[in-house]
Each structure stands twice: as structure tokens, then as C-alpha cells.
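Asker: Handing you a structure now.
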Amino acid sequence: MNASIVLLPGDGIGPEIVREARKVLEAVASAHRHTFEFTEKLIGGIAIDETGDPLPQSTLDACLASDAVILGAVGGPKWSDPAAKTRPEAGLLAVRRRLGLFANIRPIVARNALIGASPLKASLVDGVDILMYRELTGGIYFGGSTASDDGTTVADSMRYSVGEIERIVRLAAEGARSRSGRLTSVDKANVLAVSRLWRKTTERVVQDEFPDLTLEHQLVDAMAMHLVTRPKDFDVIVTGNLFGDILSDEASVLPGSLGMLPSASLGASGPGLYEPIHGSAPDIAGRGIANPLGTILSAALALRHSLGLAAEADAVEDAVDAVLDGGLRTADIADGGRSVGTADMGDAVVEALR
Ligand code: IPM
Ligand code: MG
């Protein structure tokens, strides 16, 4: 097949890890006789430096015209001045919003080779396989903010409409239906009105359209505890934008490193966006030691969800497992494996693919 893929390396370690994902995609293309055309575009801090805009129009246009977008990370201390007119993160939020990517899917899988790398007990982690659906274009991230005239009081609004809740719940429910049939919805319905709407809407959608599923509700504070005390009790989780952001970083301790976790952001139609869940890690940027596997696994999700290449996606995931089984580790995973840099890790995945 022919596919056009936009690469948005962004800031910090972004360029280093996206380079490895590209390598892997090129290897997939040549092994399976596909033609992937890559276009690299600016986003985030580097886009602010070069154009003044964290999401330049030409980046957005290229994304809209593509089959899939692969993003590294945005942000860094250079652009963190609270008085700055715009921030790198605004570019990421804008591309999510402009592409209509309301569903952020974060698989949290404890890979066999890394069971010992988690700070949690192996018995607790072994067998963890969670699929988290985070609503991505609504909630407090997009509810707008206001400030009093003297700037001493500021408010961000958490908003959800019934329609926004319905569409993410439907997607998560379909995910649950294709797996264990269990869906956990996370909210703060004991305090927030918006969470009570979330809960009511979720109840209705599941009752009317997915009566075969078992739905449970968890309050977000309790869920934060359950995720690390009994993670194996959960299969598919659905939650709002902010809770999903927080819980997915927490869940990353299960697979052993934040550097391992991929994500897929999908809309009703159009290209998906694929990015690791970690940030730009400015402290290690440019040193060639970042873990590229979260981005490589994100590229696998792009193959599966946007390009319809499920077998190729499986092959990339198997190659990652093979490399980890072989004992290679980047510096973020301190479990006594053989330590390699970013490029060597990417090369090893390409080698395992062959
Ligand atoms: C994530 C990140 C982003 C978010 C930041 C960089 C804006 O933390 O993708 O989880 O909060 O969504
Ligand atoms: Mg986050």
C-alpha cells in the first residue's frame, strides 16, 4: 500500500525517538513492499522559535492531508516562562483538537521481559493488560479559563456535553466488547456535577447499546489506589481528559517505564495521531539515551489503526518483545539488562523485524 505519514518530532528527545520510529517503519515498508512517504513538520517549541506559532498552518495542512501522524514530544524549560504569549503544549492541544481526535487510547501492557523492572511486586504486575480510553478534546483542557481583573483569581472550567461523553463511551464499550466485556468508568461524581453527567450518560449508553457488558464506576481518587494495588482487576477503562492524563502516567509504573507506553489518538474520521505518553525529557535531550520503544510501539498502533496493517503492527510489537527478551535496555529501565542507546535500540528492533 501507499501511505503518507507526517512526522512531528517536536522538542527535547522528540527528534531522537521519532528517528527510530521512522527507521522501523521504513523496515516494515521494505519487508512488506509498502511505500510510506514521510513528511517532517514543526510543532511545539521549535515551531515557536521558527514561526512564532506552536502549530503552524503548514503543519496542520500536512497532517490533515496525511494518513497518519507520528509525534515525539513538545515542551521544555526554554518555553516555560509563565508570561509567554504561547506555549509548546498549545500546539499539541491544537493539533488534537483540529484533527478531531477525541479518543486517546493508551494500552498498558506489562511485557514479560520487564516484569522485574517495575517498582511494584512482580506478582502484582505480571499479566497486567489494560486499555485506557482518555477523552482528549474536551473537559478542563478545553473549557476555557477566566481571570479576575487584578489577576488574583483564575478559573479553568471542566465542561462536558452529553454528545462528547457518548462518543468516547461508545468507543470504549466497543473495545470492552472485543476483550473481556468489562468496562470501568472513572469520574468524581461524589463532588463534580460534570462527573454526574458523565456517570448518567455512561450508564445509559451501556444499558441501551451494550447490555452485554459489565459496567462499573470508580471514583478517581480510589482508582488511583486500585491501579497500583490490584491492576489486574481492570481491563478497559474510560475517563475524561484530565483524569486520563494523570492515571495513565500512574499506570506507567506497571510496565516498568514511562518510556515504554504508546498511544493512539483517533477521531470519527481522518488521520490518527500516534505518540508516546511521555514528555520531551529535556534533561536527557540530545544525549542519545532516550527510550524509543514508546514511539516505536506508537508507530505499530499507526500501522494497525490508520493504515489497516494489523500483521505488520503485530510484527513490530513482537520485534520489541524479542529485543527486550534478548536483554537490551535503555537507561530508563534499570533491571540489570544490557544498556544501549536510543539508536542501538532502534537498530535492534529493525534487526529483530528481519
Ligand atoms: C500527555 C501530555 C500532554 C497532556 C501535555 C504535554 C500537554 O501530558 O499527552 O499525556 O497533558 O495531554
Ligand atoms: Mg500526560
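Naming works like this for the C-alpha cells: A, B, ... for the chains as they're shown, residue 1 at the start of each chain, ligands 1 onward in shown order.
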Go through the chains and note each residue within 10 Å of ligand 2, using only C-alpha atoms and all ligand atoms, then give the set as a VMD selection string.
Answerer: chain A and resid 241 to 250 276 to 279
Asker: Set the distance at 12 Å and use only C-alpha atoms: which residues neighbour segment 44-54 of chain A once local chain neighbours fewer than 3 positions away are removed? I'd like the list as an mmCIF file with N, CA and C atoms, in the first residue's frame.
Answerer:
```
data_model
loop_
_atom_site.group_PDB
_atom_site.id
_atom_site.type_symbol
_atom_site.label_atom_id
_atom_site.label_comp_id
_atom_site.auth_asym_id
_atom_site.auth_seq_id
_atom_site.Cartn_x
_atom_site.Cartn_y
_atom_site.Cartn_z
ATOM 1 N N LEU A 8 6.148 14.563 13.353
ATOM 2 C CA LEU A 8 6.262 15.802 14.133
ATOM 3 C C LEU A 8 7.217 15.539 15.297
ATOM 4 N N PRO A 9 8.515 15.698 15.076
ATOM 5 C CA PRO A 9 9.485 15.355 16.128
ATOM 6 C C PRO A 9 9.337 16.228 17.373
ATOM 7 N N GLY A 10 9.108 17.543 17.181
ATOM 8 C CA GLY A 10 8.919 18.421 18.336
ATOM 9 C C GLY A 10 10.206 18.729 19.065
ATOM 10 N N ASP A 11 10.132 18.714 20.396
ATOM 11 C CA ASP A 11 11.227 19.233 21.236
ATOM 12 C C ASP A 11 11.912 18.137 22.058
ATOM 13 N N GLY A 12 12.994 18.537 22.711
ATOM 14 C CA GLY A 12 13.677 17.642 23.649
ATOM 15 C C GLY A 12 14.114 16.363 22.957
ATOM 16 N N GLY A 14 12.281 14.416 21.422
ATOM 17 C CA GLY A 14 11.370 14.112 20.315
ATOM 18 C C GLY A 14 12.075 13.677 19.025
ATOM 19 N N PRO A 15 13.024 14.511 18.516
ATOM 20 C CA PRO A 15 13.687 14.149 17.253
ATOM 21 C C PRO A 15 14.418 12.801 17.323
ATOM 22 N N LYS A 41 7.453 17.895 9.872
ATOM 23 C CA LYS A 41 6.911 19.241 10.099
ATOM 24 C C LYS A 41 7.205 19.720 11.526
ATOM 25 N N GLN A 57 0.350 26.743 10.299
ATOM 26 C CA GLN A 57 -0.687 26.295 9.352
ATOM 27 C C GLN A 57 -0.176 25.173 8.447
ATOM 28 N N SER A 58 1.081 25.276 8.022
ATOM 29 C CA SER A 58 1.586 24.262 7.086
ATOM 30 C C SER A 58 1.689 22.894 7.760
ATOM 31 N N THR A 59 1.919 22.886 9.064
ATOM 32 C CA THR A 59 1.933 21.607 9.797
ATOM 33 C C THR A 59 0.522 21.030 9.834
ATOM 34 N N LEU A 60 -0.428 21.875 10.180
ATOM 35 C CA LEU A 60 -1.813 21.413 10.252
ATOM 36 C C LEU A 60 -2.281 20.900 8.888
ATOM 37 N N LEU A 71 4.081 11.688 16.422
ATOM 38 C CA LEU A 71 4.604 12.841 17.159
ATOM 39 C C LEU A 71 5.572 12.383 18.254
ATOM 40 N N GLY A 72 6.635 13.159 18.453
ATOM 41 C CA GLY A 72 7.598 12.842 19.513
ATOM 42 C C GLY A 72 7.144 13.407 20.838
ATOM 43 N N ALA A 73 7.459 14.670 21.089
ATOM 44 C CA ALA A 73 7.073 15.321 22.341
ATOM 45 C C ALA A 73 7.234 16.815 22.162
ATOM 46 N N VAL A 74 6.555 17.583 22.993
ATOM 47 C CA VAL A 74 6.710 19.040 22.934
ATOM 48 C C VAL A 74 7.002 19.588 24.322
ATOM 49 N N GLY A 75 7.654 20.765 24.345
ATOM 50 C CA GLY A 75 7.857 21.470 25.605
ATOM 51 C C GLY A 75 9.291 21.428 26.088
ATOM 52 N N GLY A 76 9.570 22.293 27.067
ATOM 53 C CA GLY A 76 10.909 22.366 27.640
ATOM 54 C C GLY A 76 11.074 23.672 28.384
ATOM 55 N N PRO A 77 12.113 23.749 29.224
ATOM 56 C CA PRO A 77 12.309 24.927 30.081
ATOM 57 C C PRO A 77 12.445 26.222 29.276
ATOM 58 N N LYS A 78 12.986 26.113 28.065
ATOM 59 C CA LYS A 78 13.195 27.295 27.232
ATOM 60 C C LYS A 78 11.893 28.053 26.968
ATOM 61 N N TRP A 79 10.776 27.311 26.943
ATOM 62 C CA TRP A 79 9.499 27.935 26.596
ATOM 63 C C TRP A 79 8.534 27.948 27.778
ATOM 64 N N SER A 80 9.065 27.856 29.010
ATOM 65 C CA SER A 80 8.186 27.702 30.181
ATOM 66 C C SER A 80 7.922 28.999 30.934
ATOM 67 N N ASP A 81 8.339 30.116 30.396
ATOM 68 C CA ASP A 81 8.079 31.394 31.045
ATOM 69 C C ASP A 81 6.568 31.594 31.195
ATOM 70 N N ALA A 84 4.879 34.003 28.923
ATOM 71 C CA ALA A 84 4.987 33.851 27.459
ATOM 72 C C ALA A 84 3.602 33.895 26.817
ATOM 73 N N LYS A 85 3.568 34.391 25.576
ATOM 74 C CA LYS A 85 2.301 34.539 24.863
ATOM 75 C C LYS A 85 1.707 33.173 24.528
ATOM 76 N N THR A 86 2.556 32.250 24.170
ATOM 77 C CA THR A 86 2.067 30.914 23.841
ATOM 78 C C THR A 86 3.068 29.883 24.333
ATOM 79 N N ARG A 87 2.614 28.639 24.416
ATOM 80 C CA ARG A 87 3.466 27.565 24.928
ATOM 81 C C ARG A 87 3.491 26.421 23.925
ATOM 82 N N PRO A 88 4.542 25.599 23.952
ATOM 83 C CA PRO A 88 4.621 24.448 23.051
ATOM 84 C C PRO A 88 3.407 23.530 23.169
ATOM 85 N N GLU A 89 2.950 23.332 24.424
ATOM 86 C CA GLU A 89 1.825 22.422 24.662
ATOM 87 C C GLU A 89 0.570 22.871 23.918
ATOM 88 N N ALA A 90 0.461 24.181 23.685
ATOM 89 C CA ALA A 90 -0.705 24.694 22.961
ATOM 90 C C ALA A 90 -0.745 24.112 21.547
ATOM 91 N N GLY A 91 0.423 23.846 20.976
ATOM 92 C CA GLY A 91 0.486 23.250 19.641
ATOM 93 C C GLY A 91 -0.056 21.828 19.639
ATOM 94 N N LEU A 92 0.288 21.083 20.692
ATOM 95 C CA LEU A 92 -0.195 19.702 20.794
ATOM 96 C C LEU A 92 -1.710 19.681 20.996
ATOM 97 N N LEU A 93 -2.187 20.543 21.904
ATOM 98 C CA LEU A 93 -3.632 20.590 22.148
ATOM 99 C C LEU A 93 -4.367 21.006 20.877
ATOM 100 N N ALA A 94 -3.771 21.960 20.136
ATOM 101 C CA ALA A 94 -4.434 22.452 18.917
ATOM 102 C C ALA A 94 -4.485 21.365 17.846
ATOM 103 N N VAL A 95 -3.420 20.599 17.692
ATOM 104 C CA VAL A 95 -3.457 19.568 16.638
ATOM 105 C C VAL A 95 -4.457 18.477 17.014
ATOM 106 N N GLY A 279 6.879 12.790 28.072
ATOM 107 C CA GLY A 279 7.147 14.151 27.609
ATOM 108 C C GLY A 279 8.482 14.273 26.899
ATOM 109 N N SER A 280 8.986 15.509 26.820
ATOM 110 C CA SER A 280 10.166 15.793 25.992
ATOM 111 C C SER A 280 11.487 15.557 26.733
ATOM 112 N N PRO A 282 13.683 17.089 28.711
ATOM 113 C CA PRO A 282 14.781 17.993 28.350
ATOM 114 C C PRO A 282 16.096 17.665 29.058
#
```
Asker: From the set A:Ala251, A:Leu261, A:Val236, A:Met132, which residue has the shortest atom-to-atom contact distance to Arg177 of chain A, counting only C-alpha atoms?
Answerer: A:Val236
Asker: So that I can check the secondary structure, give me every residue of segment 26-139 of chain A assigned strand (DSSP E) by backbone DSSP, as a list of chain:residue names.
Answerer: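 Result set for segment 26-139 of chain A (strand (DSSP E)): A:Thr35, A:Phe36, A:Glu37, A:Phe38, A:Thr39, A:Glu40, A:Ala68, A:Val69, A:Ile70, A:Leu71, A:Gly72, A:Ala73, A:Ala103, A:Asn104, A:Ile105, A:Arg106, A:Pro107, A:Ile108, A:Val109, A:Asp129, A:Ile130, A:Leu131, A:Met132, A:Tyr133, A:Arg134, A:Glu135.
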Asker: Based on the backbone DSSP call, show me all residues of segment 46-278 of chain A assigned helix (DSSP H, G or I), as an MDAnalysis selection string.
Answerer: chainID A and resid 46:51 57:64 77:79 88:98 112:117 122:125 139:141 162:177 193:209 220:229 231:233 241:251 258:260
